[in-house]
file final.csv (CSV, all heavy atoms)
chain,number,residue,atom,x,y,z
A,1,MET,N,112.3,214.4,227.5
A,1,MET,CA,113.2,214.2,228.6
A,1,MET,C,112.5,213.3,229.6
A,1,MET,O,111.3,213.5,229.9
A,1,MET,CB,113.6,215.5,229.3
A,1,MET,CG,114.5,215.3,230.5
A,1,MET,SD,114.9,216.8,231.4
A,1,MET,CE,116.1,217.5,230.2
A,2,ARG,N,113.2,212.3,230.1
A,2,ARG,CA,112.6,211.4,231.1
A,2,ARG,C,112.8,211.9,232.5
A,2,ARG,O,113.8,212.6,232.8
A,2,ARG,CB,113.2,210.0,231.0
A,2,ARG,CG,112.9,209.3,229.7
A,2,ARG,CD,113.5,208.0,229.7
A,2,ARG,NE,113.2,207.3,228.4
A,2,ARG,CZ,113.8,206.3,228.0
A,2,ARG,NH1,114.8,205.7,228.7
A,2,ARG,NH2,113.5,205.8,226.8
A,3,THR,N,111.9,211.6,233.4
A,3,THR,CA,112.1,212.0,234.8
A,3,THR,C,112.1,210.7,235.6
A,3,THR,O,111.3,209.8,235.4
A,3,THR,CB,110.9,212.8,235.3
A,3,THR,OG1,110.9,214.0,234.5
A,3,THR,CG2,111.0,213.2,236.7
A,4,VAL,N,113.1,210.7,236.6
A,4,VAL,CA,113.2,209.5,237.5
A,4,VAL,C,113.1,210.1,238.9
A,4,VAL,O,113.8,211.0,239.2
A,4,VAL,CB,114.6,208.8,237.3
A,4,VAL,CG1,114.7,207.7,238.3
A,4,VAL,CG2,114.7,208.3,235.9
A,5,THR,N,112.3,209.4,239.7
A,5,THR,CA,112.2,209.8,241.1
A,5,THR,C,112.7,208.6,241.9
A,5,THR,O,112.2,207.5,241.8
A,5,THR,CB,110.7,210.1,241.4
A,5,THR,OG1,110.2,211.2,240.6
A,5,THR,CG2,110.6,210.5,242.9
A,6,VAL,N,113.6,208.9,242.8
A,6,VAL,CA,114.1,207.9,243.7
A,6,VAL,C,114.0,208.5,245.2
A,6,VAL,O,114.3,209.6,245.4
A,6,VAL,CB,115.6,207.7,243.4
A,6,VAL,CG1,116.2,206.7,244.4
A,6,VAL,CG2,115.8,207.2,242.0
A,7,ARG,N,113.5,207.6,246.0
A,7,ARG,CA,113.4,208.0,247.5
A,7,ARG,C,114.3,207.0,248.3
A,7,ARG,O,114.2,205.8,248.1
A,7,ARG,CB,112.0,207.9,247.9
A,7,ARG,CG,111.1,208.9,247.3
A,7,ARG,CD,109.8,209.0,248.0
A,7,ARG,NE,109.1,210.2,247.5
A,7,ARG,CZ,107.9,210.1,246.9
A,7,ARG,NH1,107.3,209.0,246.6
A,7,ARG,NH2,107.4,211.2,246.5
A,8,ARG,N,115.1,207.6,249.1
A,8,ARG,CA,116.0,206.8,250.0
A,8,ARG,C,116.1,207.5,251.4
A,8,ARG,O,116.0,208.7,251.5
A,8,ARG,CB,117.4,206.8,249.4
A,8,ARG,CG,117.6,206.1,248.1
A,8,ARG,CD,117.5,204.6,248.4
A,8,ARG,NE,117.8,203.8,247.1
A,8,ARG,CZ,116.8,203.3,246.4
A,8,ARG,NH1,115.6,203.4,246.6
A,8,ARG,NH2,117.2,202.6,245.3
A,9,THR,N,116.3,206.7,252.4
A,9,THR,CA,116.5,207.2,253.7
A,9,THR,C,118.0,207.0,253.9
A,9,THR,O,118.6,205.9,253.8
A,9,THR,CB,115.7,206.4,254.8
A,9,THR,OG1,114.3,206.6,254.5
A,9,THR,CG2,116.1,206.9,256.2
A,10,ILE,N,118.7,208.1,254.2
A,10,ILE,CA,120.1,208.1,254.4
A,10,ILE,C,120.5,208.5,255.8
A,10,ILE,O,120.0,209.5,256.3
A,10,ILE,CB,120.8,209.1,253.4
A,10,ILE,CG1,120.4,208.8,252.0
A,10,ILE,CG2,122.3,209.2,253.6
A,10,ILE,CD1,120.8,209.8,251.0
A,11,ALA,N,121.3,207.6,256.4
A,11,ALA,CA,121.7,207.8,257.8
A,11,ALA,C,122.8,208.8,257.9
A,11,ALA,O,124.0,208.4,258.1
A,11,ALA,CB,122.0,206.5,258.5
A,12,ALA,N,122.6,210.0,257.7
A,12,ALA,CA,123.6,211.1,257.8
A,12,ALA,C,122.9,212.4,258.1
A,12,ALA,O,121.7,212.6,257.8
A,12,ALA,CB,124.3,211.2,256.4
A,13,PRO,N,123.6,213.4,258.6
A,13,PRO,CA,123.0,214.7,258.8
A,13,PRO,C,122.6,215.3,257.5
A,13,PRO,O,123.2,215.2,256.5
A,13,PRO,CB,124.2,215.5,259.4
A,13,PRO,CG,125.1,214.5,260.0
A,13,PRO,CD,125.0,213.3,259.1
A,14,ILE,N,121.4,216.0,257.6
A,14,ILE,CA,120.8,216.6,256.4
A,14,ILE,C,121.8,217.5,255.7
A,14,ILE,O,121.8,217.6,254.4
A,14,ILE,CB,119.5,217.3,256.7
A,14,ILE,CG1,118.7,217.7,255.5
A,14,ILE,CG2,119.7,218.5,257.6
A,14,ILE,CD1,118.2,216.5,254.7
A,15,GLU,N,122.6,218.2,256.4
A,15,GLU,CA,123.6,219.1,255.8
A,15,GLU,C,124.5,218.4,254.9
A,15,GLU,O,124.9,218.9,253.8
A,15,GLU,CB,124.3,219.9,256.9
A,15,GLU,CG,123.5,220.9,257.7
A,15,GLU,CD,122.8,220.1,258.9
A,15,GLU,OE1,123.1,218.9,259.1
A,15,GLU,OE2,121.9,220.8,259.5
A,16,GLN,N,125.0,217.3,255.3
A,16,GLN,CA,126.0,216.5,254.5
A,16,GLN,C,125.3,215.9,253.3
A,16,GLN,O,125.9,215.9,252.2
A,16,GLN,CB,126.5,215.3,255.3
A,16,GLN,CG,127.6,215.7,256.4
A,16,GLN,CD,128.1,214.5,257.1
A,16,GLN,OE1,127.5,213.5,257.2
A,16,GLN,NE2,129.3,214.7,257.7
A,17,VAL,N,124.1,215.4,253.5
A,17,VAL,CA,123.3,214.9,252.3
A,17,VAL,C,123.1,216.0,251.3
A,17,VAL,O,123.3,215.8,250.1
A,17,VAL,CB,122.0,214.3,252.8
A,17,VAL,CG1,121.2,213.8,251.6
A,17,VAL,CG2,122.3,213.1,253.7
A,18,PHE,N,122.6,217.2,251.8
A,18,PHE,CA,122.4,218.3,250.9
A,18,PHE,C,123.6,218.7,250.1
A,18,PHE,O,123.6,218.9,248.9
A,18,PHE,CB,121.8,219.5,251.6
A,18,PHE,CG,121.4,220.6,250.8
A,18,PHE,CD1,120.2,220.7,250.1
A,18,PHE,CD2,122.3,221.7,250.6
A,18,PHE,CE1,119.9,221.7,249.3
A,18,PHE,CE2,122.0,222.8,249.8
A,18,PHE,CZ,120.7,222.8,249.1
A,19,ASP,N,124.7,218.8,250.8
A,19,ASP,CA,126.0,219.2,250.2
A,19,ASP,C,126.4,218.2,249.1
A,19,ASP,O,126.9,218.6,248.0
A,19,ASP,CB,127.1,219.3,251.2
A,19,ASP,CG,127.0,220.6,252.1
A,19,ASP,OD1,126.2,221.5,251.8
A,19,ASP,OD2,127.7,220.6,253.1
A,20,TRP,N,126.2,216.9,249.4
A,20,TRP,CA,126.6,215.9,248.4
A,20,TRP,C,125.7,215.9,247.2
A,20,TRP,O,126.1,215.9,246.0
A,20,TRP,CB,126.5,214.5,249.1
A,20,TRP,CG,127.2,213.5,248.2
A,20,TRP,CD1,128.4,213.0,248.3
A,20,TRP,CD2,126.5,212.7,247.2
A,20,TRP,NE1,128.7,212.1,247.3
A,20,TRP,CE2,127.5,211.9,246.6
A,20,TRP,CE3,125.3,212.7,246.6
A,20,TRP,CZ2,127.2,211.0,245.6
A,20,TRP,CZ3,125.0,211.8,245.6
A,20,TRP,CH2,126.0,211.0,245.1
A,21,ILE,N,124.4,216.0,247.4
A,21,ILE,CA,123.4,215.9,246.3
A,21,ILE,C,123.4,217.2,245.4
A,21,ILE,O,123.0,217.1,244.3
A,21,ILE,CB,122.0,215.6,246.8
A,21,ILE,CG1,121.1,215.0,245.8
A,21,ILE,CG2,121.3,216.8,247.4
A,21,ILE,CD1,121.4,213.5,245.5
A,22,THR,N,123.8,218.3,246.0
A,22,THR,CA,123.9,219.5,245.2
A,22,THR,C,125.1,219.7,244.4
A,22,THR,O,125.3,220.7,243.7
A,22,THR,CB,123.6,220.8,246.0
A,22,THR,OG1,124.6,220.8,247.1
A,22,THR,CG2,122.2,220.7,246.6
A,23,ASP,N,126.0,218.7,244.5
A,23,ASP,CA,127.3,218.8,243.7
A,23,ASP,C,127.2,217.7,242.6
A,23,ASP,O,127.4,216.5,242.9
A,23,ASP,CB,128.5,218.5,244.6
A,23,ASP,CG,129.8,218.7,243.8
A,23,ASP,OD1,129.8,218.7,242.6
A,23,ASP,OD2,130.8,218.7,244.5
A,24,ALA,N,126.9,218.1,241.4
A,24,ALA,CA,126.7,217.1,240.3
A,24,ALA,C,127.9,216.2,240.0
A,24,ALA,O,127.8,215.1,239.5
A,24,ALA,CB,126.3,217.8,239.0
A,25,ALA,N,129.1,216.7,240.4
A,25,ALA,CA,130.3,215.8,240.2
A,25,ALA,C,130.2,214.5,241.0
A,25,ALA,O,130.8,213.5,240.6
A,25,ALA,CB,131.5,216.6,240.6
A,26,ASN,N,129.4,214.5,242.1
A,26,ASN,CA,129.3,213.3,242.9
A,26,ASN,C,128.4,212.3,242.2
A,26,ASN,O,128.5,211.1,242.6
A,26,ASN,CB,128.6,213.7,244.3
A,26,ASN,CG,129.6,214.5,245.1
A,26,ASN,OD1,130.8,214.3,245.1
A,26,ASN,ND2,129.0,215.4,245.9
A,27,TYR,N,127.6,212.6,241.3
A,27,TYR,CA,126.7,211.7,240.7
A,27,TYR,C,127.4,210.5,240.0
A,27,TYR,O,126.9,209.4,239.9
A,27,TYR,CB,125.7,212.4,239.7
A,27,TYR,CG,124.8,213.4,240.3
A,27,TYR,CD1,124.1,214.3,239.5
A,27,TYR,CD2,124.6,213.5,241.7
A,27,TYR,CE1,123.3,215.2,240.0
A,27,TYR,CE2,123.8,214.4,242.2
A,27,TYR,CZ,123.1,215.3,241.4
A,27,TYR,OH,122.3,216.2,241.9
A,28,ARG,N,128.6,210.8,239.5
A,28,ARG,CA,129.4,209.7,238.8
A,28,ARG,C,129.8,208.6,239.8
A,28,ARG,O,130.2,207.6,239.3
A,28,ARG,CB,130.6,210.3,238.2
A,28,ARG,CG,130.2,211.1,236.9
A,28,ARG,CD,131.4,211.9,236.4
A,28,ARG,NE,131.5,213.1,237.2
A,28,ARG,CZ,132.2,214.1,236.9
A,28,ARG,NH1,132.9,214.2,235.8
A,28,ARG,NH2,132.2,215.2,237.6
A,29,GLN,N,129.7,208.8,241.1
A,29,GLN,CA,130.0,207.8,242.1
A,29,GLN,C,128.8,206.8,242.3
A,29,GLN,O,129.0,205.8,242.9
A,29,GLN,CB,130.3,208.5,243.4
A,29,GLN,CG,131.5,209.3,243.4
A,29,GLN,CD,131.7,210.1,244.7
A,29,GLN,OE1,131.4,209.5,245.8
A,29,GLN,NE2,132.3,211.3,244.6
A,30,VAL,N,127.7,207.2,241.7
A,30,VAL,CA,126.5,206.3,241.9
A,30,VAL,C,126.5,205.2,240.9
A,30,VAL,O,126.7,205.4,239.7
A,30,VAL,CB,125.2,207.2,241.6
A,30,VAL,CG1,123.9,206.3,241.7
A,30,VAL,CG2,125.1,208.3,242.7
A,31,PRO,N,126.3,204.0,241.3
A,31,PRO,CA,126.3,202.8,240.4
A,31,PRO,C,125.3,203.0,239.3
A,31,PRO,O,124.1,203.4,239.5
A,31,PRO,CB,125.9,201.6,241.2
A,31,PRO,CG,126.4,202.0,242.6
A,31,PRO,CD,126.1,203.5,242.7
A,32,GLY,N,125.7,202.8,238.0
A,32,GLY,CA,124.8,202.9,236.9
A,32,GLY,C,124.8,204.3,236.2
A,32,GLY,O,124.3,204.5,235.1
A,33,VAL,N,125.4,205.3,236.8
A,33,VAL,CA,125.6,206.6,236.2
A,33,VAL,C,126.9,206.6,235.4
A,33,VAL,O,128.0,206.4,236.0
A,33,VAL,CB,125.6,207.7,237.3
A,33,VAL,CG1,125.9,209.1,236.6
A,33,VAL,CG2,124.2,207.8,238.0
A,34,LEU,N,126.8,206.8,234.1
A,34,LEU,CA,128.0,206.8,233.3
A,34,LEU,C,128.5,208.2,233.1
A,34,LEU,O,129.7,208.4,233.0
A,34,LEU,CB,127.7,206.2,231.9
A,34,LEU,CG,127.1,204.8,231.9
A,34,LEU,CD1,126.8,204.4,230.5
A,34,LEU,CD2,128.1,203.9,232.5
A,35,ARG,N,127.6,209.2,233.1
A,35,ARG,CA,128.1,210.6,232.9
A,35,ARG,C,127.1,211.5,233.6
A,35,ARG,O,125.9,211.3,233.6
A,35,ARG,CB,128.0,210.9,231.4
A,35,ARG,CG,128.6,212.2,231.0
A,35,ARG,CD,128.7,212.2,229.4
A,35,ARG,NE,127.4,212.4,228.9
A,35,ARG,CZ,127.0,213.4,228.2
A,35,ARG,NH1,127.8,214.4,228.0
A,35,ARG,NH2,125.7,213.4,227.7
A,36,ALA,N,127.6,212.6,234.1
A,36,ALA,CA,126.7,213.7,234.7
A,36,ALA,C,127.4,215.0,234.4
A,36,ALA,O,128.6,215.2,234.5
A,36,ALA,CB,126.6,213.4,236.2
A,37,GLU,N,126.5,215.9,234.0
A,37,GLU,CA,127.0,217.3,233.7
A,37,GLU,C,126.0,218.3,234.0
A,37,GLU,O,124.8,218.0,233.9
A,37,GLU,CB,127.4,217.4,232.2
A,37,GLU,CG,126.3,217.3,231.2
A,37,GLU,CD,126.8,217.5,229.8
A,37,GLU,OE1,127.1,218.7,229.4
A,37,GLU,OE2,126.8,216.5,229.1
A,38,VAL,N,126.4,219.4,234.5
A,38,VAL,CA,125.5,220.5,234.8
A,38,VAL,C,125.1,221.2,233.5
A,38,VAL,O,126.0,221.6,232.7
A,38,VAL,CB,126.1,221.5,235.8
A,38,VAL,CG1,125.2,222.7,236.0
A,38,VAL,CG2,126.5,220.9,237.1
A,39,THR,N,123.8,221.3,233.3
A,39,THR,CA,123.3,221.9,232.0
A,39,THR,C,122.8,223.3,232.3
A,39,THR,O,122.7,224.1,231.3
A,39,THR,CB,122.2,221.1,231.4
A,39,THR,OG1,121.2,220.9,232.3
A,39,THR,CG2,122.8,219.7,230.9
A,40,ARG,N,122.5,223.6,233.5
A,40,ARG,CA,122.0,225.0,233.8
A,40,ARG,C,122.3,225.2,235.3
A,40,ARG,O,122.0,224.4,236.2
A,40,ARG,CB,120.5,225.1,233.6
A,40,ARG,CG,120.1,226.6,233.8
A,40,ARG,CD,118.6,226.7,233.5
A,40,ARG,NE,117.9,226.4,234.8
A,40,ARG,CZ,116.6,226.4,234.9
A,40,ARG,NH1,115.8,226.5,233.9
A,40,ARG,NH2,116.1,226.2,236.1
A,41,VAL,N,123.0,226.4,235.6
A,41,VAL,CA,123.3,226.7,237.0
A,41,VAL,C,122.4,228.0,237.3
A,41,VAL,O,122.3,228.9,236.4
A,41,VAL,CB,124.8,227.1,237.1
A,41,VAL,CG1,125.1,227.5,238.5
A,41,VAL,CG2,125.6,225.9,236.7
A,42,GLY,N,121.9,228.0,238.4
A,42,GLY,CA,121.1,229.2,238.8
A,42,GLY,C,120.5,229.1,240.2
A,42,GLY,O,120.3,228.0,240.7
A,43,ILE,N,120.2,230.2,240.8
A,43,ILE,CA,119.7,230.2,242.1
A,43,ILE,C,118.2,229.8,242.1
A,43,ILE,O,117.6,229.4,243.1
A,43,ILE,CB,119.8,231.5,242.8
A,43,ILE,CG1,119.1,232.6,242.0
A,43,ILE,CG2,121.3,231.8,243.1
A,43,ILE,CD1,119.1,234.0,242.7
A,44,ASP,N,117.6,229.9,240.9
A,44,ASP,CA,116.2,229.5,240.8
A,44,ASP,C,116.0,228.0,240.5
A,44,ASP,O,114.9,227.5,240.2
A,44,ASP,CB,115.5,230.3,239.7
A,44,ASP,CG,116.1,230.1,238.4
A,44,ASP,OD1,117.2,229.6,238.3
A,44,ASP,OD2,115.3,230.3,237.4
A,45,GLY,N,117.1,227.2,240.5
A,45,GLY,CA,117.0,225.8,240.3
A,45,GLY,C,117.9,225.4,239.1
A,45,GLY,O,117.6,225.8,238.0
A,46,GLY,N,119.0,224.8,239.4
A,46,GLY,CA,119.9,224.3,238.4
A,46,GLY,C,119.4,223.0,237.8
A,46,GLY,O,118.5,222.4,238.3
A,47,ARG,N,120.0,222.5,236.8
A,47,ARG,CA,119.7,221.2,236.2
A,47,ARG,C,121.0,220.4,235.9
A,47,ARG,O,122.0,221.0,235.5
A,47,ARG,CB,118.9,221.4,234.9
A,47,ARG,CG,117.6,222.0,235.1
A,47,ARG,CD,116.8,222.0,233.8
A,47,ARG,NE,115.5,222.6,234.0
A,47,ARG,CZ,114.4,222.0,234.3
A,47,ARG,NH1,114.4,220.7,234.3
A,47,ARG,NH2,113.2,222.6,234.4
A,48,ALA,N,120.9,219.1,236.0
A,48,ALA,CA,122.0,218.3,235.7
A,48,ALA,C,121.5,217.2,234.7
A,48,ALA,O,120.4,216.7,234.9
A,48,ALA,CB,122.6,217.6,236.9
A,49,GLN,N,122.3,216.9,233.7
A,49,GLN,CA,121.9,215.8,232.8
A,49,GLN,C,122.7,214.6,233.2
A,49,GLN,O,124.0,214.6,233.3
A,49,GLN,CB,122.2,216.2,231.4
A,49,GLN,CG,121.8,215.1,230.4
A,49,GLN,CD,122.0,215.6,229.0
A,49,GLN,OE1,122.3,216.7,228.7
A,49,GLN,NE2,121.7,214.7,228.1
A,50,ILE,N,122.0,213.5,233.5
A,50,ILE,CA,122.7,212.2,233.9
A,50,ILE,C,122.4,211.1,232.9
A,50,ILE,O,121.3,210.9,232.5
A,50,ILE,CB,122.1,211.9,235.3
A,50,ILE,CG1,122.4,213.0,236.3
A,50,ILE,CG2,122.8,210.6,235.8
A,50,ILE,CD1,121.7,212.8,237.6
A,51,THR,N,123.5,210.5,232.5
A,51,THR,CA,123.4,209.4,231.6
A,51,THR,C,123.8,208.1,232.3
A,51,THR,O,124.8,208.0,232.9
A,51,THR,CB,124.3,209.6,230.4
A,51,THR,OG1,124.0,210.9,229.8
A,51,THR,CG2,124.2,208.5,229.3
A,52,GLY,N,123.0,207.1,232.1
A,52,GLY,CA,123.3,205.8,232.8
A,52,GLY,C,122.9,204.6,232.0
A,52,GLY,O,122.4,204.7,230.9

call {"tool": "encode", "arguments": {"input": "final.csv", "output": "structure tokens"}}
result
Amino acid sequence: MRTVTVRRTIAAPIEQVFDWITDAANYRQVPGVLRAEVTRVGIDGGRAQITG
């Protein structure tokens, strides 16, 4: 499995950013992302698989 790290500064309240980034359905709105699905849900750390 490949790992990609992206760092961005977003001009928005941290609560809004956290809510957006923790909803995998939003990932399809990102340019270059063709598919996103949750592969594991859990309070100890979920995972999403993203295809681009």

call {"tool": "atom_distance", "arguments": {"input": "final.csv", "atom1": "CG1 of Val4 in chain A", "atom2": "OD2 of Asp23 in chain A"}}
result
20.5 Å

call {"tool": "residues_around", "arguments": {"input": "final.csv", "residues": "Asn26 in chain A", "least_positions_apart": "5", "cutoff": "12 Å", "atoms": "only C-alpha atoms", "output": "ChimeraX atom specification"}}
result
/A:17-21,31,33-38,48,50

call {"tool": "atom_distance", "arguments": {"input": "final.csv", "atom1": "OE2 of Glu15 in chain A", "atom2": "CA of Thr39 in chain A"}}
result
27.6 Å

call {"tool": "atom_distance", "arguments": {"input": "final.csv", "atom1": "atom N of Val6 in chain A", "atom2": "CA of Ala25 in chain A"}}
result
18.3 Å
